[in-house]
Amino acid sequence: MNLFSDYHTHPQGHRVQPYCQTLLQPWIDSARARGLTDIAFTDHDRYHAGIDFDEIDKLRAANPDIKIRAGLELDNDPETSAVGREWVEKNWARLDFVLGSVHYLDRADQMFDSVPAGAEQFADRKIDEIYADYFRRVREVAATGLVDCLSHLDLIKIHGHRPKAPIVYLVSETLDFISTRGLAIELSTAGWRKPVNELYPSDEIIRLAVEKRIPFTTASDAHSHAQLGENYSRLAEKMQQLGISEVCVFERHKHRVRALSDL
Ligand SMILES: [Zn+2]
Ligand SMILES: [Zn+2]
């Protein structure tokens, strides 16, 4: 089973770097070298100033063998996300794919998923309550109507904190919400390079999502082109074990399911 798509990538990394062929072409070369044929650029909404749709069009013309999707990762940053949402609304028609993420809990000055600093937000707190609050925020992002897919759905486990309650009690409402709205969730190998060392989301959440017929994208959350498709053979094995034989791809926010066996 060959995975062919990576729907979570950050060509700009963690600062504004205006899109140009020199910045973007290495990502396509790297995709090609790894056998990936469909990739989405999903820079953080706070770096929207660097995104240039004309440069993406140029890149598409120069690389007709690779599907290149214009995307964004929209999060809940209390300082920047209002502007991010406006930008998505304004550019909706030129975007193929928008990821929705929760990186912030109560503190506006620190993403809870910074490693290792973000772990201090969990100190002396009831972990079940943090999980419930996190998933409530995920539903808020999903409810904006501005996202196609939820990223790293159980990112809250990043530092290894586990709830006492079975995860099904904490995540079911969120999965129902995602399913009712026709949104997808991603299978992200990024969790394997974080302290928790586990795929996002967990096997148990994936099984629940399969029952609810929620479609999946495959993703690495690459912040460098060298990370594209990271750990994809391990992901393919996991998907096989969990009985997932299709992934979805997006064009202008419409999703299409592709069977992996046909590839
Ligand atoms: Zn993220
Ligand atoms: Zn990301």
# chains A, B, ... in the order shown; residues from 1 in each chain; ligands from 1
call {"tool": "residues_near_ligand", "arguments": {"ligand": "ligand 2", "cutoff": "12 Å", "atoms": "only C-alpha atoms and all ligand atoms", "output": "compact mmCIF listing (two decimals) with C-alpha atoms, in the first residue's frame"}}
result
# COMPACT_ATOMS: atom_id res chain seq x y z
CA ASP A 6 0.77 14.86 2.20
CA TYR A 7 -1.83 17.40 3.31
CA HIS A 8 -0.02 19.27 6.05
CA THR A 9 3.15 21.15 5.11
CA HIS A 10 4.77 24.46 6.07
CA PRO A 11 6.97 25.83 3.28
CA GLN A 12 7.48 29.05 5.26
CA GLY A 13 8.38 27.26 8.48
CA HIS A 14 7.94 29.62 11.41
CA ALA A 40 -1.10 20.64 0.06
CA PHE A 41 0.77 23.70 1.31
CA THR A 42 -0.79 24.62 4.66
CA ASP A 43 1.22 27.42 6.20
CA HIS A 44 0.02 28.89 9.51
CA ASP A 45 -2.58 31.63 9.10
CA ARG A 46 -0.30 34.08 10.98
CA TYR A 47 2.06 33.91 7.97
CA GLY A 71 -4.10 25.55 1.68
CA LEU A 72 -3.75 27.01 5.15
CA GLU A 73 -3.64 25.90 8.78
CA LEU A 74 -6.09 28.12 10.65
CA ASP A 75 -5.75 27.97 14.42
CA VAL A 98 -8.09 24.57 5.06
CA LEU A 99 -6.92 22.76 8.19
CA GLY A 100 -8.39 23.67 11.57
CA SER A 101 -6.14 23.48 14.63
CA VAL A 102 -6.15 24.21 18.33
CA HIS A 103 -2.72 25.31 19.60
CA ASP A 113 2.22 22.28 22.11
CA LEU A 150 -9.08 18.95 11.55
CA SER A 151 -5.33 18.64 12.14
CA HIS A 152 -3.65 16.51 14.81
CA LEU A 153 -7.01 15.85 16.48
CA LEU A 155 -2.64 17.11 19.98
CA GLU A 186 -5.81 13.84 9.32
CA SER A 188 -0.44 12.77 11.20
CA THR A 189 2.96 11.16 11.59
CA ALA A 190 4.14 14.30 13.46
CA GLY A 191 3.10 12.65 16.74
CA ALA A 219 0.01 14.16 6.67
CA SER A 220 3.48 14.77 8.07
CA ASP A 221 3.19 18.40 9.30
CA ALA A 222 6.55 18.95 7.61
CA HIS A 223 8.32 22.20 8.52
CA SER A 224 11.11 21.36 6.08
call {"tool": "select_by_dssp", "arguments": {"residues": "region 3-252 of chain A", "states": "strand (DSSP E or B)", "output": "ChimeraX atom specification"}}
result
/A:5-6,9,38-41,44,67-74,97-100,149-150,184-188,200,216-219,222,246-251
call {"tool": "write_last_selection", "arguments": {"atoms": "C-alpha atoms", "output": "PDB file, in the first residue's frame"}}
result
ATOM      1  CA  SER A   5      -0.506  12.471  -0.453  1.00  0.00           C
ATOM      2  CA  ASP A   6       0.772  14.857   2.201  1.00  0.00           C
ATOM      3  CA  THR A   9       3.147  21.149   5.107  1.00  0.00           C
ATOM      4  CA  ASP A  38      -0.582  15.130  -4.261  1.00  0.00           C
ATOM      5  CA  ILE A  39       0.516  17.733  -1.734  1.00  0.00           C
ATOM      6  CA  ALA A  40      -1.103  20.644   0.060  1.00  0.00           C
ATOM      7  CA  PHE A  41       0.773  23.700   1.309  1.00  0.00           C
ATOM      8  CA  HIS A  44       0.015  28.886   9.509  1.00  0.00           C
ATOM      9  CA  LYS A  67      -1.159  17.893  -7.745  1.00  0.00           C
ATOM     10  CA  ILE A  68      -0.419  21.017  -5.709  1.00  0.00           C
ATOM     11  CA  ARG A  69      -3.167  22.254  -3.394  1.00  0.00           C
ATOM     12  CA  ALA A  70      -3.317  25.769  -2.007  1.00  0.00           C
ATOM     13  CA  GLY A  71      -4.100  25.546   1.679  1.00  0.00           C
ATOM     14  CA  LEU A  72      -3.749  27.006   5.148  1.00  0.00           C
ATOM     15  CA  GLU A  73      -3.636  25.901   8.779  1.00  0.00           C
ATOM     16  CA  LEU A  74      -6.091  28.118  10.646  1.00  0.00           C
ATOM     17  CA  PHE A  97      -8.027  23.053   1.581  1.00  0.00           C
ATOM     18  CA  VAL A  98      -8.088  24.571   5.063  1.00  0.00           C
ATOM     19  CA  LEU A  99      -6.916  22.761   8.193  1.00  0.00           C
ATOM     20  CA  GLY A 100      -8.394  23.674  11.570  1.00  0.00           C
ATOM     21  CA  CYS A 149     -10.246  19.016   7.929  1.00  0.00           C
ATOM     22  CA  LEU A 150      -9.078  18.952  11.553  1.00  0.00           C
ATOM     23  CA  ALA A 184     -12.194  15.106   7.425  1.00  0.00           C
ATOM     24  CA  ILE A 185      -9.487  14.419   9.985  1.00  0.00           C
ATOM     25  CA  GLU A 186      -5.815  13.843   9.325  1.00  0.00           C
ATOM     26  CA  LEU A 187      -3.589  10.919  10.203  1.00  0.00           C
ATOM     27  CA  SER A 188      -0.436  12.772  11.195  1.00  0.00           C
ATOM     28  CA  TYR A 200      -2.232  11.669  15.827  1.00  0.00           C
ATOM     29  CA  PHE A 216      -8.936  10.709   6.498  1.00  0.00           C
ATOM     30  CA  THR A 217      -6.096  12.648   4.924  1.00  0.00           C
ATOM     31  CA  THR A 218      -2.462  11.593   5.382  1.00  0.00           C
ATOM     32  CA  ALA A 219       0.010  14.165   6.672  1.00  0.00           C
ATOM     33  CA  ALA A 222       6.554  18.952   7.611  1.00  0.00           C
ATOM     34  CA  GLU A 246      -8.731   4.893   1.267  1.00  0.00           C
ATOM     35  CA  VAL A 247      -7.682   8.486   1.778  1.00  0.00           C
ATOM     36  CA  CYS A 248      -9.310  11.698   0.698  1.00  0.00           C
ATOM     37  CA  VAL A 249      -7.931  14.521  -1.388  1.00  0.00           C
ATOM     38  CA  PHE A 250      -9.280  18.037  -1.811  1.00  0.00           C
ATOM     39  CA  GLU A 251      -9.749  20.386  -4.734  1.00  0.00           C
TER      40      GLU A 251
END
call {"tool": "closest_residue", "arguments": {"among": "A:Phe177, A:Phe122, A:Tyr131, A:Trp192", "to": "Arg107 (chain A)", "atoms": "only C-alpha atoms"}}
result
A:Phe122
call {"tool": "select_by_dssp", "arguments": {"residues": "region 13-154 of chain A", "states": "helix (DSSP H, G or I)", "output": "number ranges by chain"}}
result
A: 21-33, 45-50, 53-62, 81-94, 117-122, 127-143
call {"tool": "closest_residue", "arguments": {"among": "A:Leu23, A:Leu105, A:Val16, A:Ala82", "to": "Tyr134 (chain A)", "atoms": "only C-alpha atoms"}}
result
A:Leu105
call {"tool": "closest_residue", "arguments": {"among": "A:Val115, A:Leu199, A:Leu59, A:Leu95", "to": "Asp148 (chain A)", "atoms": "only C-alpha atoms"}}
result
A:Leu95
call {"tool": "closest_residue", "arguments": {"among": "A:Ala142, A:Pro215, A:Tyr232, A:Val147", "to": "Asp96 (chain A)", "atoms": "only C-alpha atoms"}}
result
A:Val147
call {"tool": "residues_around", "arguments": {"residues": "Tyr19 (chain A)", "least_positions_apart": "3", "cutoff": "10 Å", "atoms": "only C-alpha atoms", "output": "ChimeraX atom specification"}}
result
/A:11-12,16,22-24,49-56
call {"tool": "closest_residue", "arguments": {"among": "A:Glu204, A:Asp106, A:Glu211, A:Glu237", "to": "Gly118 (chain A)", "atoms": "only C-alpha atoms"}}
result
A:Asp106
call {"tool": "residues_around", "arguments": {"residues": "Ser179 (chain A)", "least_positions_apart": "5", "cutoff": "9 Å", "atoms": "only C-alpha atoms", "output": "number ranges by chain"}}
result
A: 174, 184, 209, 212-215
call {"tool": "write_last_selection", "arguments": {"atoms": "N, CA and C atoms", "output": "PDB file, in the first residue's frame"}}
result
ATOM      1  N   THR A 174     -17.165  15.464  19.722  1.00  0.00           N
ATOM      2  CA  THR A 174     -16.370  16.143  18.693  1.00  0.00           C
ATOM      3  C   THR A 174     -16.400  15.357  17.377  1.00  0.00           C
ATOM      4  N   ALA A 184     -13.156  16.211   7.357  1.00  0.00           N
ATOM      5  CA  ALA A 184     -12.194  15.106   7.425  1.00  0.00           C
ATOM      6  C   ALA A 184     -11.293  15.298   8.643  1.00  0.00           C
ATOM      7  N   ALA A 209     -13.617   7.001  14.534  1.00  0.00           N
ATOM      8  CA  ALA A 209     -13.833   7.807  13.327  1.00  0.00           C
ATOM      9  C   ALA A 209     -14.231   6.917  12.146  1.00  0.00           C
ATOM     10  N   LYS A 212     -17.793   6.102  12.326  1.00  0.00           N
ATOM     11  CA  LYS A 212     -18.632   7.251  11.957  1.00  0.00           C
ATOM     12  C   LYS A 212     -18.399   7.675  10.507  1.00  0.00           C
ATOM     13  N   ARG A 213     -17.619   6.891   9.798  1.00  0.00           N
ATOM     14  CA  ARG A 213     -17.350   7.128   8.369  1.00  0.00           C
ATOM     15  C   ARG A 213     -16.742   8.508   8.089  1.00  0.00           C
ATOM     16  N   ILE A 214     -15.892   8.957   8.982  1.00  0.00           N
ATOM     17  CA  ILE A 214     -15.179  10.221   8.764  1.00  0.00           C
ATOM     18  C   ILE A 214     -13.986   9.934   7.846  1.00  0.00           C
ATOM     19  N   PRO A 215     -13.822  10.707   6.769  1.00  0.00           N
ATOM     20  CA  PRO A 215     -12.685  10.453   5.875  1.00  0.00           C
ATOM     21  C   PRO A 215     -11.356  10.956   6.449  1.00  0.00           C
TER      22      PRO A 215
END
call {"tool": "atom_distance", "arguments": {"atom1": "CA of Arg32 (chain A)", "atom2": "CA of Lys194 (chain A)"}}
result
26.1 Å
call {"tool": "residues_around", "arguments": {"residues": "Asn63 (chain A)", "least_positions_apart": "5", "cutoff": "10 Å", "atoms": "only C-alpha atoms", "output": "number ranges by chain"}}
result
A: 25, 28-29, 32, 57-58, 68
call {"tool": "write_last_selection", "arguments": {"atoms": "C-alpha atoms", "output": "compact mmCIF listing (two decimals), in the first residue's frame"}}
result
# COMPACT_ATOMS: atom_id res chain seq x y z
CA GLN A 25 10.27 23.91 -5.89
CA ILE A 28 7.95 19.39 -5.14
CA ASP A 29 11.33 17.76 -5.84
CA ARG A 32 8.56 13.42 -6.34
CA ASP A 57 -0.03 28.56 -10.23
CA LYS A 58 3.48 28.96 -11.69
CA ILE A 68 -0.42 21.02 -5.71
call {"tool": "closest_residue", "arguments": {"among": "A:Ala62, A:Ala259, A:Ala132, A:Met111", "to": "ligand 1", "atoms": "only C-alpha atoms and all ligand atoms"}}
result
A:Met111
call {"tool": "residues_around", "arguments": {"residues": "Glu173 (chain A)", "least_positions_apart": "2", "cutoff": "12 Å", "atoms": "only C-alpha atoms", "output": "list of chain:residue names"}}
result
A:Ala132, A:Phe135, A:Arg136, A:Val138, A:Arg139, A:Ile167, A:Val168, A:Tyr169, A:Leu170, A:Val171, A:Leu175, A:Asp176, A:Phe177, A:Ile178, A:Ser179, A:Thr180, A:Ile205, A:Leu208, A:Ala209, A:Lys212
call {"tool": "residues_around", "arguments": {"residues": "Pro116 (chain A)", "least_positions_apart": "3", "cutoff": "9 Å", "atoms": "only C-alpha atoms", "output": "PyMOL selection string"}}
result
chain A and resi 113+119-120+159+195
call {"tool": "write_last_selection", "arguments": {"atoms": "C-alpha atoms", "output": "mmCIF file, in the first residue's frame"}}
result
data_model
loop_
_atom_site.group_PDB
_atom_site.id
_atom_site.type_symbol
_atom_site.label_atom_id
_atom_site.label_comp_id
_atom_site.auth_asym_id
_atom_site.auth_seq_id
_atom_site.Cartn_x
_atom_site.Cartn_y
_atom_site.Cartn_z
ATOM 1 C CA ASP A 113 2.222 22.280 22.107
ATOM 2 C CA ALA A 119 4.014 21.193 29.327
ATOM 3 C CA GLU A 120 3.957 23.706 32.187
ATOM 4 C CA HIS A 159 3.550 15.866 26.316
ATOM 5 C CA PRO A 195 7.417 13.384 23.359
#
